[in-house]
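Below is my_file-v8.pdb, holding PDB, C-alpha atoms.
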ATOM      1  CA  MET D 293      60.187  69.027 216.035
ATOM      2  CA  LYS D 294      63.677  68.035 214.973
ATOM      3  CA  ARG D 295      65.709  67.059 218.041
ATOM      4  CA  ASP D 296      69.329  67.177 216.968
ATOM      5  CA  ALA D 297      72.120  68.253 219.323
ATOM      6  CA  ARG D 298      71.955  71.869 218.116
ATOM      7  CA  THR D 299      68.208  72.111 218.837
ATOM      8  CA  ILE D 300      68.597  70.568 222.278
ATOM      9  CA  GLY D 301      71.453  72.936 223.088
ATOM     10  CA  LEU D 302      69.441  75.935 221.879
ATOM     11  CA  VAL D 303      66.407  74.998 223.992
ATOM     12  CA  LEU D 304      68.565  74.447 227.087
ATOM     13  CA  TRP D 305      70.406  77.746 226.486
ATOM     14  CA  ARG D 306      67.071  79.570 226.252
ATOM     15  CA  SER D 307      65.969  78.030 229.531
ATOM     16  CA  LEU D 308      69.176  79.139 231.268
ATOM     17  CA  LYS D 309      68.418  82.678 230.057
ATOM     18  CA  LEU D 310      64.830  82.295 231.399
ATOM     19  CA  GLN D 311      63.351  82.691 227.915
ATOM     20  CA  CYS D 312      60.553  80.801 226.203
ATOM     21  CA  PRO D 313      61.956  77.381 225.208
ATOM     22  CA  VAL D 314      59.996  77.456 221.925
ATOM     23  CA  CYS D 315      60.721  80.886 220.432
ATOM     24  CA  GLY D 316      63.297  82.427 222.794
ATOM     25  CA  LYS D 317      61.771  85.886 222.309
ATOM     26  CA  ALA D 318      59.997  86.452 225.626
ATOM     27  CA  SER D 319      60.818  85.892 229.280
ATOM     28  CA  ILE D 320      58.994  83.205 231.237
ATOM     29  CA  VAL D 321      59.141  85.310 234.424
ATOM     30  CA  LYS D 322      56.312  87.664 235.361
ATOM     31  CA  ARG D 323      57.869  88.874 238.628
ATOM     32  CA  ALA D 324      59.894  87.370 241.448
ATOM     33  CA  PHE D 325      58.719  83.801 242.134
ATOM     34  CA  SER D 326      55.940  84.034 239.564
ATOM     35  CA  LEU D 327      55.811  82.595 236.045
ATOM     36  CA  LYS D 328      53.803  83.989 233.171
ATOM     37  CA  HIS D 329      50.814  81.911 232.104
ATOM     38  CA  ASP D 330      51.880  81.918 228.464
ATOM     39  CA  CYS D 331      54.520  83.328 226.117
ATOM     40  CA  ASP D 332      53.913  86.904 225.000
ATOM     41  CA  ALA D 333      55.496  86.203 221.590
ATOM     42  CA  CYS D 334      54.375  82.745 220.462
ATOM     43  CA  GLY D 335      51.539  81.850 222.852
ATOM     44  CA  VAL D 336      52.786  78.540 224.266
ATOM     45  CA  ILE D 337      51.368  77.789 227.686
ATOM     46  CA  PHE D 338      53.852  77.767 230.569
ATOM     47  CA  LYS D 339      51.441  77.070 233.415
ATOM     48  CA  ARG D 340      49.953  73.689 232.707
ATOM     49  CA  GLU D 341      47.669  71.482 234.833
ATOM     50  CA  GLU D 342      47.939  71.181 238.614
ATOM     51  CA  GLY D 343      50.993  69.232 239.690
ATOM     52  CA  PHE D 344      52.897  69.849 236.441
ATOM     53  CA  PHE D 345      55.762  71.621 238.195
ATOM     54  CA  VAL D 346      56.294  69.075 240.966
ATOM     55  CA  GLY D 347      59.247  67.899 238.909
ATOM     56  CA  ALA D 348      60.709  71.406 238.862
ATOM     57  CA  ILE D 349      60.378  71.627 242.621
ATOM     58  CA  MET D 350      61.963  68.194 243.002
ATOM     59  CA  ALA D 351      64.860  69.194 240.716
ATOM     60  CA  ASN D 352      65.397  72.337 242.776
ATOM     61  CA  VAL D 353      65.507  70.316 246.013
ATOM     62  CA  ILE D 354      67.878  67.690 244.597
ATOM     63  CA  LEU D 355      70.271  70.269 243.116
ATOM     64  CA  THR D 356      70.213  72.174 246.403
ATOM     65  CA  GLU D 357      71.169  69.006 248.281
ATOM     66  CA  PHE D 358      74.054  68.298 245.898
ATOM     67  CA  PHE D 359      75.249  71.901 246.160
ATOM     68  CA  ILE D 360      75.152  71.719 249.966
ATOM     69  CA  LEU D 361      77.178  68.491 249.856
ATOM     70  CA  ASP D 362      79.746  70.126 247.571
ATOM     71  CA  ILE D 363      80.084  73.087 249.922
ATOM     72  CA  TYR D 364      80.335  70.693 252.888
ATOM     73  CA  PHE D 365      83.216  68.794 251.259
ATOM     74  CA  VAL D 366      84.997  72.067 250.487
ATOM     75  CA  CYS D 367      84.549  73.092 254.127
ATOM     76  CA  LEU D 368      86.039  69.758 255.223
ATOM     77  CA  LEU D 369      89.103  70.439 253.073
ATOM     78  CA  ILE D 370      89.605  73.727 254.912
ATOM     79  CA  ASN D 371      90.896  72.321 258.188
ATOM     80  CA  ASN D 372      90.740  75.452 260.300
ATOM     81  CA  LEU D 373      86.956  76.007 260.111
ATOM     82  CA  SER D 374      85.051  75.494 263.331
ATOM     83  CA  ASP D 375      81.832  73.512 263.346
ATOM     84  CA  ARG D 376      79.818  76.646 264.051
ATOM     85  CA  VAL D 377      81.254  78.488 261.024
ATOM     86  CA  MET D 378      80.751  75.463 258.767
ATOM     87  CA  LEU D 379      77.128  75.029 259.860
ATOM     88  CA  THR D 380      76.493  78.748 259.354
ATOM     89  CA  ILE D 381      77.873  78.558 255.809
ATOM     90  CA  LEU D 382      75.797  75.464 255.048
ATOM     91  CA  PHE D 383      72.664  77.072 256.457
ATOM     92  CA  VAL D 384      73.118  80.195 254.342
ATOM     93  CA  VAL D 385      73.662  78.072 251.228
ATOM     94  CA  ALA D 386      70.629  75.903 252.061
ATOM     95  CA  VAL D 387      68.412  78.985 252.250
ATOM     96  CA  THR D 388      69.783  81.088 249.395
ATOM     97  CA  PHE D 389      70.512  78.502 246.672
ATOM     98  CA  PRO D 390      66.934  77.248 246.166
ATOM     99  CA  LEU D 391      65.697  80.838 246.073
ATOM    100  CA  ALA D 392      68.323  81.821 243.506
ATOM    101  CA  PHE D 393      67.690  78.694 241.403
ATOM    102  CA  TYR D 394      63.866  78.874 241.583
ATOM    103  CA  HIS D 395      63.166  80.314 238.124
ATOM    104  CA  HIS D 396      65.907  78.279 236.482
ATOM    105  CA  ALA D 397      64.472  75.015 237.814
ATOM    106  CA  TRP D 398      61.107  75.899 236.277
ATOM    107  CA  ALA D 399      62.740  76.977 233.016
ATOM    108  CA  LEU D 400      64.701  73.729 232.750
ATOM    109  CA  TRP D 401      61.557  71.745 233.510
ATOM    110  CA  LEU D 402      59.708  73.607 230.728
ATOM    111  CA  ALA D 403      62.619  72.961 228.350
ATOM    112  CA  MET D 404      62.593  69.230 229.123
ATOM    113  CA  ASP D 405      58.840  69.075 228.589
ATOM    114  CA  HIS D 406      59.177  70.940 225.304
ATOM    115  CA  LEU D 407      61.902  68.563 224.114
ATOM    116  CA  ILE D 408      59.967  65.449 225.131
ATOM    117  CA  GLU D 409      56.407  66.209 224.103
ATOM    118  CA  GLY D 410      56.264  69.832 222.947
ATOM    119  CA  LEU D 411      54.467  72.727 224.597
ATOM    120  CA  SER D 412      50.917  73.436 223.472
ATOM    121  CA  ARG D 413      49.781  76.833 222.269
ATOM    122  CA  GLU D 414      47.010  78.846 223.789
ATOM    123  CA  ALA D 415      43.815  79.095 221.776
ATOM    124  CA  GLY D 416      43.598  82.371 219.874
ATOM    125  CA  LYS D 417      47.344  82.857 219.351
ATOM    126  CA  LEU D 418      49.570  81.659 216.500
TER
END
Represent the structure of the file as structure tokens.
Amino acid sequence: MKRDARTIGLVLWRSLKLQCPVCGKASIVKRAFSLKHDCDACGVIFKREEGFFVGAIMANVILTEFFILDIYFVCLLINNLSDRVMLTILFVVAVTFPLAFYHHAWALWLAMDHLIEGLSREAGKL
């Protein structure tokens, strides 16, 4: 696979739209908090061996921590916030951000894997 800047950008754009990083024709999401096993259009396998998505989980945790820190610094700039209000805001962000970013973390992890080593196709499909 040719890995020029355009290809990398296209694969990352597909992952942000939660589409297959290879073909971009099908969604990677089966339902809320559940990935499809493979692509409906091209047959690449999304769910690999056990432990494959530990990196996606780690990326989600790290990005959540950075987002919480950003919100914390913004709250510090707003001088009239009480500690209780600031902690409530941070708690809400800490709970909602990883849930909202769940599928995107997996999609970005799939895109990185596709760019580095390529995703394998399921037997019996293209």
Neighbour list for D:Cys367 as a compact mmCIF listing (two decimals) with C-alpha atoms, keeping the file's coordinate frame, cut-off 12 Å, all atoms listed in the file, skip fewer than 3 positions in-chain:
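Output saved as around-v4.txt:
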# COMPACT_ATOMS: atom_id res chain seq x y z
CA ILE D 360 75.15 71.72 249.97
CA LEU D 361 77.18 68.49 249.86
CA ASP D 362 79.75 70.13 247.57
CA ILE D 363 80.08 73.09 249.92
CA TYR D 364 80.33 70.69 252.89
CA ILE D 370 89.60 73.73 254.91
CA ASN D 371 90.90 72.32 258.19
CA ASN D 372 90.74 75.45 260.30
CA LEU D 373 86.96 76.01 260.11
CA SER D 374 85.05 75.49 263.33
CA ASP D 375 81.83 73.51 263.35
CA ARG D 376 79.82 76.65 264.05
CA VAL D 377 81.25 78.49 261.02
CA MET D 378 80.75 75.46 258.77
CA LEU D 379 77.13 75.03 259.86
CA THR D 380 76.49 78.75 259.35
CA ILE D 381 77.87 78.56 255.81
CA LEU D 382 75.80 75.46 255.05
Inset, instruction - Report the distance between atom CA of D:Ser319 and atom CA of D:Cys331 in Å, rounded to one decimal place. - result: 7.5 Å
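Pairwise distance (atom CA of D:Leu400, atom CA of D:Ile320) equals 11.2 Å.
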Evaluate the PyMOL selection byres ((chain D and resi 349) around 12) and record the selected residues as a PDB file with C-alpha atoms, keeping the file's coordinate frame, following the chain and residue labels used in the document.
ATOM      1  CA  GLY D 343      50.993  69.232 239.690  1.00  0.00           C
ATOM      2  CA  PHE D 344      52.897  69.849 236.441  1.00  0.00           C
ATOM      3  CA  PHE D 345      55.762  71.621 238.195  1.00  0.00           C
ATOM      4  CA  VAL D 346      56.294  69.075 240.966  1.00  0.00           C
ATOM      5  CA  GLY D 347      59.247  67.899 238.909  1.00  0.00           C
ATOM      6  CA  ALA D 348      60.709  71.406 238.862  1.00  0.00           C
ATOM      7  CA  MET D 350      61.963  68.194 243.002  1.00  0.00           C
ATOM      8  CA  ALA D 351      64.860  69.194 240.716  1.00  0.00           C
ATOM      9  CA  ASN D 352      65.397  72.337 242.776  1.00  0.00           C
ATOM     10  CA  VAL D 353      65.507  70.316 246.013  1.00  0.00           C
ATOM     11  CA  ILE D 354      67.878  67.690 244.597  1.00  0.00           C
ATOM     12  CA  LEU D 355      70.271  70.269 243.116  1.00  0.00           C
ATOM     13  CA  THR D 356      70.213  72.174 246.403  1.00  0.00           C
ATOM     14  CA  PRO D 390      66.934  77.248 246.166  1.00  0.00           C
ATOM     15  CA  LEU D 391      65.697  80.838 246.073  1.00  0.00           C
ATOM     16  CA  PHE D 393      67.690  78.694 241.403  1.00  0.00           C
ATOM     17  CA  TYR D 394      63.866  78.874 241.583  1.00  0.00           C
ATOM     18  CA  HIS D 395      63.166  80.314 238.124  1.00  0.00           C
ATOM     19  CA  HIS D 396      65.907  78.279 236.482  1.00  0.00           C
ATOM     20  CA  ALA D 397      64.472  75.015 237.814  1.00  0.00           C
ATOM     21  CA  TRP D 398      61.107  75.899 236.277  1.00  0.00           C
ATOM     22  CA  ALA D 399      62.740  76.977 233.016  1.00  0.00           C
ATOM     23  CA  LEU D 400      64.701  73.729 232.750  1.00  0.00           C
ATOM     24  CA  TRP D 401      61.557  71.745 233.510  1.00  0.00           C
TER      25      TRP D 401
END
Inset, instruction - Determine, counting only C-alpha atoms, every residue of protein, DNA or RNA that lies within 9 Å of (62.3, 65.0, 219.9) in the file coordinates, then give the result as number ranges by chain. - result: D: 293-296, 300, 406-410
As lines of an AutoDock Vina configuration file, please: the centre and edge lengths in Å, to one decimal, of an axis-aligned box enclosing every listed atom of stretch 298-310 of chain D with 3 Å added on each side.
center_x = 68.4
center_y = 76.6
center_z = 224.8
size_x = 13.1
size_y = 18.1
size_z = 19.3
Inset, instruction - For D:Gly301, please output as a ChimeraX atom specification all residues within 12 Å (counting only C-alpha atoms; exclusion window: fewer than 3 positions along the same chain). - result: /D:295-298,304-308,313,400,403-404,407
Legend entry - Minimum-distance residue to D:Ala386, chosen among D:Phe365, D:Phe359, D:Phe338, D:Phe325 (using only C-alpha atoms): D:Phe359
Legend entry - Two-atom distance - atom CA of D:Gln311, atom CA of D:His329 (Å): 13.2 Å
Inset, instruction - Can you turn the PyMOL selection byres ((chain D and resi 413) around 6) into a concrete residue list for this file, as JSON, numbers by chain? - result: {"D": [335, 336, 337, 412, 414]}
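Using all atoms listed in the file for every distance, the candidate list D:Cys312, D:Glu342, D:Leu302, D:Phe358 yields D:Cys312 as the residue closest to D:Asp330.
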